[in-house]
file run21.txt (compact mmCIF, C-alpha atoms)
# COMPACT_ATOMS: atom_id res chain seq x y z
CA MET A 8 -36.04 -16.64 -8.74
CA SER A 9 -32.88 -15.37 -10.46
CA THR A 10 -31.41 -11.93 -10.94
CA LEU A 11 -29.02 -11.24 -13.79
CA ILE A 12 -25.87 -9.42 -12.75
CA ASP A 13 -23.83 -8.07 -15.64
CA ILE A 14 -20.14 -8.88 -15.41
CA GLN A 15 -17.46 -6.69 -16.97
CA ARG A 16 -14.01 -7.98 -16.16
CA THR A 17 -11.04 -5.66 -15.98
CA ARG A 18 -8.52 -5.68 -18.81
CA SER A 19 -5.82 -4.24 -16.54
CA PRO A 20 -5.50 -6.38 -13.41
CA LYS A 21 -3.59 -4.73 -10.59
CA GLN A 22 -0.56 -6.16 -8.86
CA ARG A 23 -1.58 -7.66 -5.55
CA PRO A 24 0.19 -6.42 -2.42
CA SER A 25 2.57 -8.63 -0.50
CA PRO A 26 1.57 -9.64 3.06
CA SER A 27 3.94 -7.04 4.51
CA GLU A 28 2.26 -4.28 2.49
CA LEU A 29 -1.35 -5.01 3.47
CA GLY A 30 -2.16 -2.78 6.44
CA PHE A 31 -5.87 -1.98 6.69
CA GLY A 32 -7.96 -0.37 3.94
CA LYS A 33 -5.00 0.68 1.77
CA HIS A 34 -5.42 -1.64 -1.23
CA PHE A 35 -8.49 -2.48 -3.32
CA THR A 36 -9.25 -5.37 -5.63
CA ASP A 37 -9.90 -5.31 -9.37
CA HIS A 38 -13.69 -5.05 -9.36
CA MET A 39 -16.68 -3.49 -7.60
CA PHE A 40 -20.44 -4.11 -7.57
CA LEU A 41 -22.80 -1.25 -8.44
CA MET A 42 -26.58 -0.86 -8.43
CA ASP A 43 -28.77 2.22 -8.99
CA PHE A 44 -31.95 3.47 -7.35
CA GLU A 45 -34.49 5.82 -8.92
CA ARG A 46 -37.65 6.84 -7.10
CA GLY A 47 -40.62 5.14 -8.77
CA ARG A 48 -38.45 2.48 -10.38
CA GLY A 49 -36.59 0.99 -7.42
CA TRP A 50 -33.18 -0.67 -7.44
CA SER A 51 -31.90 -1.95 -10.79
CA GLY A 52 -28.84 -2.38 -12.98
CA GLY A 53 -26.81 -4.69 -10.72
CA ARG A 54 -23.37 -5.07 -12.27
CA VAL A 55 -19.77 -5.99 -11.50
CA VAL A 56 -17.33 -3.61 -13.19
CA PRO A 57 -13.62 -2.76 -12.95
CA TYR A 58 -12.77 -0.88 -9.76
CA GLY A 59 -12.32 2.83 -10.32
CA PRO A 60 -13.62 6.35 -9.67
CA VAL A 61 -17.36 6.92 -9.65
CA GLN A 62 -18.57 10.06 -11.43
CA VAL A 63 -20.60 12.28 -9.11
CA ASP A 64 -22.23 15.62 -9.85
CA PRO A 65 -20.94 18.45 -7.61
CA ALA A 66 -24.57 19.08 -6.61
CA ALA A 67 -25.10 15.45 -5.52
CA SER A 68 -27.06 15.71 -2.29
CA ALA A 69 -24.80 13.28 -0.41
CA LEU A 70 -22.02 15.87 -0.64
CA HIS A 71 -24.20 18.59 0.88
CA TYR A 72 -26.72 16.91 3.18
CA GLY A 73 -24.99 13.70 4.22
CA GLN A 74 -27.36 11.03 2.92
CA THR A 75 -24.79 8.26 2.97
CA ILE A 76 -24.46 4.96 4.84
CA PHE A 77 -22.02 2.08 4.79
CA GLU A 78 -21.20 -1.32 6.26
CA GLY A 79 -18.05 -3.28 7.02
CA LEU A 80 -17.76 -7.07 7.02
CA LYS A 81 -15.19 -9.71 6.16
CA ALA A 82 -14.67 -12.84 4.08
CA PHE A 83 -12.27 -15.59 5.19
CA PRO A 84 -10.67 -18.69 3.69
CA ASP A 85 -11.33 -22.06 5.33
CA PRO A 86 -8.72 -24.86 5.52
CA ALA A 87 -9.93 -26.21 2.14
CA GLY A 88 -9.36 -22.81 0.50
CA ARG A 89 -13.04 -21.95 0.14
CA ILE A 90 -14.25 -18.40 0.85
CA ARG A 91 -16.93 -17.74 3.45
CA VAL A 92 -18.44 -14.43 4.62
CA PHE A 93 -18.97 -13.81 8.33
CA ARG A 94 -22.58 -12.85 9.14
CA LEU A 95 -23.42 -11.50 5.68
CA GLY A 96 -27.18 -11.37 6.23
CA ASP A 97 -26.86 -9.55 9.56
CA HIS A 98 -24.59 -6.88 8.10
CA LEU A 99 -26.90 -6.25 5.15
CA ALA A 100 -29.89 -6.08 7.51
CA ARG A 101 -28.03 -3.46 9.56
CA LEU A 102 -27.35 -1.52 6.34
CA ASN A 103 -31.11 -1.31 5.88
CA GLN A 104 -31.55 -0.23 9.49
CA SER A 105 -29.17 2.67 8.78
CA ALA A 106 -31.06 3.36 5.55
CA ARG A 107 -34.34 3.77 7.42
CA THR A 108 -32.75 6.24 9.83
CA LEU A 109 -31.45 8.45 7.00
CA CYS A 110 -34.49 8.19 4.66
CA ILE A 111 -32.51 6.10 2.18
CA PRO A 112 -34.35 3.39 0.22
CA GLU A 113 -33.71 -0.08 1.61
CA VAL A 114 -31.83 -2.49 -0.62
CA ASP A 115 -33.19 -5.90 -1.57
CA LEU A 116 -31.20 -8.12 0.80
CA GLU A 117 -31.23 -11.11 -1.53
CA VAL A 118 -30.01 -9.14 -4.54
CA ALA A 119 -27.36 -7.31 -2.49
CA ALA A 120 -26.10 -10.64 -1.13
CA ARG A 121 -25.86 -12.00 -4.67
CA GLY A 122 -23.86 -8.97 -5.70
CA VAL A 123 -21.44 -9.48 -2.81
CA ARG A 124 -21.07 -13.16 -3.72
CA ALA A 125 -20.46 -12.36 -7.39
CA LEU A 126 -17.82 -9.80 -6.49
CA LEU A 127 -16.04 -12.18 -4.12
CA ALA A 128 -16.13 -14.99 -6.65
CA ILE A 129 -14.53 -12.82 -9.34
CA ASP A 130 -11.84 -11.39 -7.03
CA ALA A 131 -11.28 -14.56 -4.98
CA ALA A 132 -7.59 -14.61 -5.91
CA TRP A 133 -7.15 -11.42 -3.87
CA MET A 134 -7.74 -13.32 -0.62
CA PRO A 135 -4.54 -12.80 1.39
CA GLU A 136 -2.79 -15.60 3.21
CA GLY A 137 -1.83 -15.67 6.86
CA GLU A 138 -3.45 -15.48 10.27
CA GLY A 139 -5.31 -12.23 10.88
CA THR A 140 -5.78 -11.44 7.19
CA SER A 141 -9.05 -11.36 5.26
CA LEU A 142 -10.96 -9.66 2.48
CA TYR A 143 -12.74 -6.66 3.95
CA ILE A 144 -16.10 -5.89 2.27
CA ARG A 145 -17.36 -2.30 2.18
CA PRO A 146 -20.97 -1.71 0.99
CA LEU A 147 -21.76 1.98 0.54
CA VAL A 148 -25.01 3.77 -0.37
CA PHE A 149 -25.10 7.48 -1.14
CA ALA A 150 -27.45 10.02 -2.71
CA THR A 151 -26.47 10.95 -6.28
CA GLU A 152 -29.37 13.23 -7.25
CA PRO A 153 -28.04 16.71 -8.16
CA PHE A 154 -30.09 19.29 -6.30
CA LEU A 155 -29.72 21.91 -3.59
CA GLY A 156 -32.51 21.59 -1.07
CA VAL A 157 -33.05 19.76 2.19
CA ARG A 158 -35.19 16.71 1.41
CA PRO A 159 -34.58 13.00 0.81
CA ALA A 160 -32.96 12.40 -2.57
CA GLU A 161 -34.61 10.40 -5.34
CA HIS A 162 -31.48 8.82 -6.85
CA PHE A 163 -28.91 6.65 -5.04
CA LEU A 164 -25.97 4.41 -5.81
CA LEU A 165 -25.05 1.18 -4.02
CA CYS A 166 -21.35 0.41 -4.35
CA VAL A 167 -19.59 -2.63 -2.87
CA PHE A 168 -15.82 -2.99 -3.03
CA LEU A 169 -13.17 -5.20 -1.44
CA SER A 170 -9.89 -4.62 0.35
CA PRO A 171 -7.32 -7.26 1.34
CA VAL A 172 -6.39 -6.44 4.93
CA ALA A 173 -4.23 -7.42 7.86
CA GLY A 174 -4.84 -6.37 11.46
CA TYR A 175 -6.55 -3.04 12.16
CA TYR A 176 -4.10 -1.76 14.78
CA SER A 177 -0.39 -1.33 14.03
CA THR A 178 0.23 -2.52 17.61
CA GLY A 179 -1.20 -5.92 16.67
CA ALA A 180 -2.87 -7.73 19.57
CA ALA A 181 -1.20 -5.54 22.21
CA PRO A 182 -3.60 -3.71 24.58
CA VAL A 183 -4.47 -0.18 23.49
CA ARG A 184 -4.46 2.98 25.58
CA ILE A 185 -7.85 4.73 25.67
CA TRP A 186 -8.64 8.35 26.55
CA VAL A 187 -11.93 8.89 28.41
CA GLU A 188 -13.57 11.79 26.58
CA GLU A 189 -15.44 14.07 28.99
CA ARG A 190 -15.99 17.07 26.68
CA TYR A 191 -16.97 16.05 23.17
CA THR A 192 -20.03 13.97 22.28
CA ARG A 193 -20.34 11.21 19.68
CA ALA A 194 -24.14 10.80 19.57
CA ALA A 195 -27.18 12.00 21.49
CA PRO A 196 -30.54 10.31 22.13
CA GLY A 197 -32.79 10.69 19.12
CA GLY A 198 -29.81 11.26 16.82
CA LEU A 199 -27.81 9.10 14.40
CA GLY A 200 -25.93 6.96 16.91
CA THR A 201 -27.57 3.72 15.76
CA ALA A 202 -26.74 4.32 12.08
CA LYS A 203 -23.48 3.54 10.32
CA THR A 204 -23.21 6.89 8.58
CA GLY A 205 -20.37 9.27 7.86
CA ALA A 206 -21.68 11.98 10.20
CA ASN A 207 -20.98 9.81 13.26
CA TYR A 208 -17.37 9.31 12.23
CA ALA A 209 -16.81 12.95 11.29
CA ALA A 210 -18.07 13.90 14.75
CA SER A 211 -15.44 11.64 16.33
CA LEU A 212 -12.36 13.02 14.57
CA ARG A 213 -11.60 16.04 16.77
CA ALA A 214 -11.68 14.03 19.97
CA ALA A 215 -9.66 11.21 18.40
CA GLU A 216 -6.93 13.61 17.25
CA ASP A 217 -6.76 15.20 20.70
CA ALA A 218 -6.47 11.75 22.28
CA LYS A 219 -3.63 10.78 19.93
CA ALA A 220 -1.82 14.01 20.82
CA ARG A 221 -1.93 12.80 24.43
CA GLY A 222 -0.46 9.43 23.45
CA TYR A 223 -3.70 7.41 23.35
CA GLU A 224 -4.90 5.24 20.45
CA GLN A 225 -8.65 5.66 20.85
CA VAL A 226 -11.45 7.46 22.69
CA LEU A 227 -13.95 6.11 25.19
CA TRP A 228 -17.21 8.00 24.64
CA LEU A 229 -19.55 8.91 27.48
CA ASP A 230 -23.27 9.63 27.28
CA ALA A 231 -24.24 12.99 25.79
CA LEU A 232 -26.60 14.08 28.58
CA GLU A 233 -24.48 13.69 31.72
CA HIS A 234 -21.03 12.53 30.52
CA LYS A 235 -21.36 9.91 33.21
CA HIS A 236 -22.04 6.51 31.61
CA VAL A 237 -19.71 4.77 29.15
CA GLU A 238 -20.92 4.05 25.63
CA GLU A 239 -18.51 3.10 22.80
CA VAL A 240 -14.74 2.89 22.60
CA GLY A 241 -13.46 4.37 19.36
CA THR A 242 -15.33 2.57 16.58
CA MET A 243 -16.03 -0.47 18.76
CA ASN A 244 -18.54 -1.66 21.33
CA LEU A 245 -17.22 -1.84 24.89
CA PHE A 246 -17.05 -4.77 27.35
CA LEU A 247 -15.76 -4.83 30.93
CA ARG A 248 -15.19 -7.74 33.31
CA ILE A 249 -15.83 -6.63 36.88
CA GLY A 250 -15.34 -9.52 39.25
CA GLU A 251 -17.13 -12.41 37.57
CA GLU A 252 -19.64 -10.23 35.70
CA ILE A 253 -19.06 -9.22 32.09
CA VAL A 254 -20.82 -5.93 31.30
CA THR A 255 -21.59 -4.07 28.07
CA PRO A 256 -23.66 -0.88 27.67
CA PRO A 257 -27.23 -1.49 26.48
CA LEU A 258 -28.54 -0.55 23.04
CA GLU A 259 -30.68 2.44 24.00
CA GLY A 260 -30.63 4.49 20.81
CA THR A 261 -27.12 5.99 20.77
CA LEU A 262 -24.96 2.91 20.10
CA LEU A 263 -24.38 1.00 16.89
CA ARG A 264 -25.80 -2.52 17.03
CA GLY A 265 -22.45 -4.25 16.67
CA ILE A 266 -22.41 -7.61 14.87
CA THR A 267 -19.25 -8.65 16.71
CA ARG A 268 -20.88 -7.43 19.94
CA ASP A 269 -23.78 -9.80 19.27
CA SER A 270 -21.37 -12.63 18.47
CA VAL A 271 -19.56 -12.03 21.78
CA LEU A 272 -22.82 -12.00 23.76
CA THR A 273 -23.91 -15.23 22.05
CA LEU A 274 -20.64 -16.98 22.93
CA LEU A 275 -20.55 -15.72 26.53
CA ARG A 276 -24.08 -16.97 27.16
CA HIS A 277 -23.33 -20.23 25.37
CA TRP A 278 -20.40 -20.73 27.77
CA GLY A 279 -22.61 -20.03 30.78
CA LEU A 280 -20.75 -16.92 31.92
CA LYS A 281 -22.47 -14.09 33.76
CA VAL A 282 -23.09 -11.28 31.26
CA SER A 283 -25.17 -8.11 31.60
CA GLU A 284 -26.34 -5.41 29.22
CA ARG A 285 -26.65 -2.45 31.55
CA ARG A 286 -25.50 1.09 32.10
CA ILE A 287 -22.12 1.44 33.74
CA SER A 288 -20.76 4.72 35.04
CA ILE A 289 -17.20 5.99 35.08
CA GLU A 290 -17.51 6.17 38.87
CA GLU A 291 -18.32 2.45 39.03
CA ILE A 292 -15.27 1.72 36.89
CA ARG A 293 -13.02 3.85 39.09
CA THR A 294 -14.36 2.14 42.20
CA ALA A 295 -13.91 -1.33 40.70
CA HIS A 296 -10.33 -0.49 39.78
CA ALA A 297 -9.60 0.83 43.29
CA ARG A 298 -11.00 -2.40 44.77
CA GLY A 299 -8.93 -4.53 42.40
CA VAL A 300 -11.94 -6.16 40.70
CA LEU A 301 -11.69 -4.47 37.27
CA GLN A 302 -10.36 -7.59 35.58
CA GLU A 303 -10.59 -6.77 31.86
CA VAL A 304 -11.69 -4.08 29.42
CA PHE A 305 -11.93 -4.75 25.68
CA GLY A 306 -13.57 -3.47 22.52
CA THR A 307 -15.34 -5.54 19.87
CA GLY A 308 -15.73 -4.77 16.18
CA THR A 309 -15.40 -6.17 12.68
CA ALA A 310 -12.00 -4.63 11.99
CA ALA A 311 -10.13 -5.71 15.13
CA VAL A 312 -12.52 -8.48 16.36
CA ILE A 313 -11.39 -8.16 20.01
CA SER A 314 -9.12 -5.33 21.13
CA PRO A 315 -7.93 -5.43 24.76
CA VAL A 316 -7.64 -2.13 26.61
CA GLY A 317 -4.59 -1.74 28.82
CA GLU A 318 -5.15 1.76 30.17
CA LEU A 319 -7.93 4.30 30.65
CA GLY A 320 -6.68 7.88 30.69
CA PHE A 321 -8.32 10.84 32.48
CA ALA A 322 -7.35 14.47 32.95
CA ASP A 323 -6.41 13.74 36.59
CA THR A 324 -5.17 10.14 36.49
CA SER A 325 -4.96 6.92 34.51
CA LEU A 326 -6.10 3.39 35.30
CA LYS A 327 -3.85 0.48 34.34
CA ILE A 328 -5.81 -2.66 33.50
CA GLY A 329 -4.27 -6.11 33.71
CA ASP A 330 -1.11 -7.22 31.95
CA GLY A 331 -1.83 -7.97 28.30
CA ALA A 332 -5.01 -9.49 26.92
CA GLY A 333 -7.20 -10.99 29.65
CA PRO A 334 -8.45 -14.59 29.64
CA VAL A 335 -12.02 -13.82 28.51
CA ALA A 336 -10.90 -11.47 25.71
CA SER A 337 -8.33 -14.02 24.55
CA ARG A 338 -10.84 -16.87 24.62
CA LEU A 339 -13.39 -14.82 22.68
CA LYS A 340 -10.94 -13.79 19.98
CA GLN A 341 -9.75 -17.37 19.56
CA ALA A 342 -13.31 -18.69 19.37
CA ILE A 343 -14.50 -16.12 16.84
CA THR A 344 -11.46 -16.37 14.59
CA ASP A 345 -11.58 -20.19 14.74
CA ILE A 346 -15.14 -20.02 13.40
CA GLN A 347 -14.22 -17.41 10.79
CA TYR A 348 -11.28 -19.43 9.43
CA GLY A 349 -13.13 -22.74 9.56
CA ARG A 350 -11.04 -24.26 12.35
CA ALA A 351 -14.13 -24.73 14.54
CA PRO A 352 -17.70 -25.78 13.70
CA ASP A 353 -20.07 -22.99 12.67
CA ARG A 354 -22.66 -23.98 15.27
CA PHE A 355 -24.47 -20.62 15.05
CA GLY A 356 -24.80 -20.49 11.26
CA TRP A 357 -22.69 -17.35 10.90
CA LEU A 358 -20.83 -18.19 7.69
CA SER A 359 -22.08 -17.81 4.10
CA PRO A 360 -20.13 -19.83 1.47
CA ILE A 361 -19.07 -18.25 -1.79
CA GLU A 362 -19.31 -20.46 -4.87
CA ALA A 363 -17.14 -19.98 -7.94
CA LEU A 364 -18.82 -18.30 -10.88
CA ALA A 365 -19.54 -20.93 -13.52
CA THR A 366 -19.32 -18.60 -16.52
CA ALA A 367 -17.63 -19.20 -19.82
CA GLU A 368 -15.07 -16.75 -21.18
CA GLY A 369 -16.86 -13.84 -22.83
CA THR A 370 -20.17 -14.31 -20.97
CA ALA A 371 -21.68 -10.89 -20.27
CA GLY A 372 -23.50 -11.82 -17.12
CA VAL A 373 -24.40 -14.48 -14.60
CA ALA A 374 -27.66 -15.42 -12.91
CA MET A 375 -26.94 -15.46 -9.19
CA ARG A 376 -29.37 -17.81 -7.49
CA ALA A 377 -30.22 -18.00 -3.79

call {"tool": "encode", "arguments": {"input": "run21.txt", "output": "structure tokens"}}
result
Amino acid sequence: MSTLIDIQRTRSPKQRPSPSELGFGKHFTDHMFLMDFERGRGWSGGRVVPYGPVQVDPAASALHYGQTIFEGLKAFPDPAGRIRVFRLGDHLARLNQSARTLCIPEVDLEVAARGVRALLAIDAAWMPEGEGTSLYIRPLVFATEPFLGVRPAEHFLLCVFLSPVAGYYSTGAAPVRIWVEERYTRAAPGGLGTAKTGANYAASLRAAEDAKARGYEQVLWLDALEHKHVEEVGTMNLFLRIGEEIVTPPLEGTLLRGITRDSVLTLLRHWGLKVSERRISIEEIRTAHARGVLQEVFGTGTAAVISPVGELGFADTSLKIGDGAGPVASRLKQAITDIQYGRAPDRFGWLSPIEALATAEGTAGVAMRA
């Protein structure tokens, strides 16, 4: 089976940023992948075109009723200079999980993967050099049908674009200070917590700004019902090492199913360490800290991979945690990045290679085969 993807190369290539200019999500490559959905016809028109603004009607339902989802994943160079994507299939499958939650038509995973590969092959020269850098991949689906009325839309656009990035936090690998949010709520049971959709992130902004005003980089969210059990930290999944047990909150309908979270769990179990997916209360954390057995706290996510937490802040006190990145967090980050950059064997089959596009100059399209 083959699917033709039209290729339109830019006539005005952009200047690529220097390593010192990268930051995170500030620069975008020369091209993007687009595909359209129309109810009754399905997804069609896969194409790679020059990166630029997308025309949207002011009445597009995504702007009014929030039918929009996205993903975030990364591509890395290996020692031979080849490009490989970390857990491509899992990220696209999670995109479809979000789609089901928001009544958005699921994308064909095979075609979407081909589009990502085509885009990466064309903009391969944008891959930055240096440890901690990568090409960040952002798939986005949003409703484009112009209408005012609360119902699922009938027209959607899939857009995939790339951004050369460095580390997510300006503090680098230094532990971050986290504010424990006991007032605002990120997601409630039966809501959108499991979907990667803009509404979740909009709901987090007020609390995040308040935390930054207090001198903290991120927010630790508690459950919506009792504000008692920990859930996510910022835009990451949370892990704690209490004594010899490594704990992460369970996926019970309010947390995003983190791909890095799953990678961490896989590695911890592969190493034979004691790991639990269970509820953990703030009171248990306070008690563990008082007893001197709260060894490590860290977040996991695509952007930062592993982010150690050095302090938990409360209205009445703060808890200092360790001195720098702990041994488990450090080992996990090294193991994951070694796999991503091809320094260690890909024993779990997490990497998808990107092959160069074998197209002659002037060819209008390319058949991307599985």

call {"tool": "residues_near_point", "arguments": {"input": "run21.txt", "point": "(-3.7, -5.1, 23.9)", "cutoff": "10 Å", "atoms": "all atoms listed in the file", "output": "PyMOL selection string"}}
result
chain A and resi 176+178-184+304-305+313-318+329-333+336

call {"tool": "residues_around", "arguments": {"input": "run21.txt", "residues": "A:Leu326", "least_positions_apart": "2", "cutoff": "9 Å", "atoms": "only C-alpha atoms", "output": "PyMOL selection string"}}
result
chain A and resi 293+296+317-321+324+328

call {"tool": "residues_around", "arguments": {"input": "run21.txt", "residues": "A:Tyr58", "least_positions_apart": "5", "cutoff": "12 Å", "atoms": "only C-alpha atoms", "output": "ChimeraX atom specification"}}
result
/A:15-21,34-41,126,130,166-170

call {"tool": "closest_residue", "arguments": {"input": "run21.txt", "among": "A:Pro360, A:Pro112, A:Gly139, A:Pro60", "to": "A:Phe93", "atoms": "only C-alpha atoms"}}
result
A:Pro360

call {"tool": "closest_residue", "arguments": {"input": "run21.txt", "among": "A:Asp353, A:Glu117, A:Asp97, A:Asp64", "to": "A:Thr267", "atoms": "all atoms listed in the file"}}
result
A:Asp97

call {"tool": "residues_around", "arguments": {"input": "run21.txt", "residues": "A:Gln74", "least_positions_apart": "5", "cutoff": "6 Å", "atoms": "all atoms listed in the file", "output": "number ranges by chain"}}
result
A: 69, 149-150

call {"tool": "write_last_selection", "arguments": {"input": "run21.txt", "atoms": "C-alpha atoms", "output": "short mmCIF file (atom, residue, chain, number, x, y, z; two decimals), in the coordinates of the input"}}
result
data_model
loop_
_atom_site.label_atom_id
_atom_site.label_comp_id
_atom_site.auth_asym_id
_atom_site.auth_seq_id
_atom_site.Cartn_x
_atom_site.Cartn_y
_atom_site.Cartn_z
CA ALA A 69 -24.80 13.28 -0.41
CA PHE A 149 -25.10 7.48 -1.14
CA ALA A 150 -27.45 10.02 -2.71
#

call {"tool": "atom_distance", "arguments": {"input": "run21.txt", "atom1": "atom CA of A:Pro86", "atom2": "atom CA of A:Val172"}}
result
18.6 Å

call {"tool": "closest_residue", "arguments": {"input": "run21.txt", "among": "A:Glu113, A:Asp43, A:Glu161, A:Glu189", "to": "A:Ser68", "atoms": "all atoms listed in the file"}}
result
A:Glu161

call {"tool": "closest_residue", "arguments": {"input": "run21.txt", "among": "A:Ser270, A:Ser211, A:Ser288, A:Thr309", "to": "A:Glu233", "atoms": "only C-alpha atoms"}}
result
A:Ser288

call {"tool": "atom_distance", "arguments": {"input": "run21.txt", "atom1": "atom CA of A:Gly96", "atom2": "atom CA of A:Arg145"}}
result
14.0 Å

call {"tool": "closest_residue", "arguments": {"input": "run21.txt", "among": "A:Pro84, A:Pro135, A:Gly47, A:Pro57", "to": "A:Pro24", "atoms": "all atoms listed in the file"}}
result
A:Pro135

call {"tool": "closest_residue", "arguments": {"input": "run21.txt", "among": "A:Gln62, A:Gln302, A:Ala67, A:Pro334", "to": "A:Leu155", "atoms": "all atoms listed in the file"}}
result
A:Ala67

call {"tool": "atom_distance", "arguments": {"input": "run21.txt", "atom1": "atom CA of A:Phe163", "atom2": "atom CA of A:Ile266"}}
result
25.3 Å

call {"tool": "residues_around", "arguments": {"input": "run21.txt", "residues": "A:Ser283", "least_positions_apart": "3", "cutoff": "9 Å", "atoms": "all atoms listed in the file", "output": "list in words"}}
result
Glu252, Ile253, Val254, Thr255, Pro256 and Pro257 of chain A

call {"tool": "residues_around", "arguments": {"input": "run21.txt", "residues": "stretch 258-262 of chain A", "least_positions_apart": "4", "cutoff": "6 Å", "atoms": "all atoms listed in the file", "output": "list in words"}}
result
Ala194, Pro196, Gly200 and Thr201 of chain A

call {"tool": "residues_near_point", "arguments": {"input": "run21.txt", "point": "(-9.3, -10.6, 5.3)", "cutoff": "10 Å", "atoms": "all atoms listed in the file", "output": "list in words"}}
result
Leu29, Phe31, Leu80, Lys81, Ala82, Phe83, Pro84, Val92, Trp133, Met134, Pro135, Glu136, Gly137, Glu138, Gly139, Thr140, Ser141, Leu142, Tyr143, Ile144, Leu169, Ser170, Pro171, Val172, Ala173, Gly174, Ala310 and Tyr348 of chain A

call {"tool": "write_last_selection", "arguments": {"input": "run21.txt", "atoms": "C-alpha atoms", "output": "mmCIF file, in the frame of the given file"}}
result
data_model
loop_
_atom_site.group_PDB
_atom_site.id
_atom_site.type_symbol
_atom_site.label_atom_id
_atom_site.label_comp_id
_atom_site.auth_asym_id
_atom_site.auth_seq_id
_atom_site.Cartn_x
_atom_site.Cartn_y
_atom_site.Cartn_z
ATOM 1 C CA LEU A 29 -1.350 -5.010 3.470
ATOM 2 C CA PHE A 31 -5.870 -1.980 6.690
ATOM 3 C CA LEU A 80 -17.760 -7.070 7.020
ATOM 4 C CA LYS A 81 -15.190 -9.710 6.160
ATOM 5 C CA ALA A 82 -14.670 -12.840 4.080
ATOM 6 C CA PHE A 83 -12.270 -15.590 5.190
ATOM 7 C CA PRO A 84 -10.670 -18.690 3.690
ATOM 8 C CA VAL A 92 -18.440 -14.430 4.620
ATOM 9 C CA TRP A 133 -7.150 -11.420 -3.870
ATOM 10 C CA MET A 134 -7.740 -13.320 -0.620
ATOM 11 C CA PRO A 135 -4.540 -12.800 1.390
ATOM 12 C CA GLU A 136 -2.790 -15.600 3.210
ATOM 13 C CA GLY A 137 -1.830 -15.670 6.860
ATOM 14 C CA GLU A 138 -3.450 -15.480 10.270
ATOM 15 C CA GLY A 139 -5.310 -12.230 10.880
ATOM 16 C CA THR A 140 -5.780 -11.440 7.190
ATOM 17 C CA SER A 141 -9.050 -11.360 5.260
ATOM 18 C CA LEU A 142 -10.960 -9.660 2.480
ATOM 19 C CA TYR A 143 -12.740 -6.660 3.950
ATOM 20 C CA ILE A 144 -16.100 -5.890 2.270
ATOM 21 C CA LEU A 169 -13.170 -5.200 -1.440
ATOM 22 C CA SER A 170 -9.890 -4.620 0.350
ATOM 23 C CA PRO A 171 -7.320 -7.260 1.340
ATOM 24 C CA VAL A 172 -6.390 -6.440 4.930
ATOM 25 C CA ALA A 173 -4.230 -7.420 7.860
ATOM 26 C CA GLY A 174 -4.840 -6.370 11.460
ATOM 27 C CA ALA A 310 -12.000 -4.630 11.990
ATOM 28 C CA TYR A 348 -11.280 -19.430 9.430
#

call {"tool": "decode", "arguments": {"input": "run21.txt", "residues": "stretch 81-93 of chain A", "atoms": "N, CA and C atoms", "output": "CSV table (one decimal), in the first residue's frame"}}
result
chain,number,residue,atom,x,y,z
A,81,LYS,N,9.7,14.0,19.8
A,81,LYS,CA,11.0,14.5,19.4
A,81,LYS,C,11.7,13.5,18.4
A,82,ALA,N,12.5,14.1,17.5
A,82,ALA,CA,13.4,13.3,16.7
A,82,ALA,C,14.8,13.7,17.1
A,83,PHE,N,15.7,12.7,17.0
A,83,PHE,CA,17.1,12.8,17.4
A,83,PHE,C,18.1,12.3,16.4
A,84,PRO,N,19.3,12.8,16.4
A,84,PRO,CA,20.3,12.2,15.5
A,84,PRO,C,21.0,11.1,16.2
A,85,ASP,N,21.4,10.1,15.5
A,85,ASP,CA,22.3,9.0,16.1
A,85,ASP,C,23.7,9.3,15.8
A,86,PRO,N,24.7,8.6,16.3
A,86,PRO,CA,26.1,8.9,16.0
A,86,PRO,C,26.5,8.9,14.6
A,87,ALA,N,25.7,8.2,13.7
A,87,ALA,CA,26.0,8.1,12.3
A,87,ALA,C,25.3,9.3,11.6
A,88,GLY,N,24.6,10.1,12.3
A,88,GLY,CA,23.9,11.3,11.7
A,88,GLY,C,22.5,11.0,11.1
A,89,ARG,N,22.0,9.8,11.4
A,89,ARG,CA,20.7,9.4,10.9
A,89,ARG,C,19.7,10.0,11.9
A,90,ILE,N,18.4,10.3,11.4
A,90,ILE,CA,17.4,10.8,12.3
A,90,ILE,C,16.5,9.7,12.7
A,91,ARG,N,16.1,9.7,14.0
A,91,ARG,CA,15.2,8.7,14.5
A,91,ARG,C,14.2,9.4,15.4
A,92,VAL,N,12.9,9.0,15.4
A,92,VAL,CA,11.8,9.6,16.2
A,92,VAL,C,11.6,8.7,17.4
A,93,PHE,N,11.5,9.3,18.6
A,93,PHE,CA,11.2,8.5,19.8
A,93,PHE,C,9.7,8.3,20.0
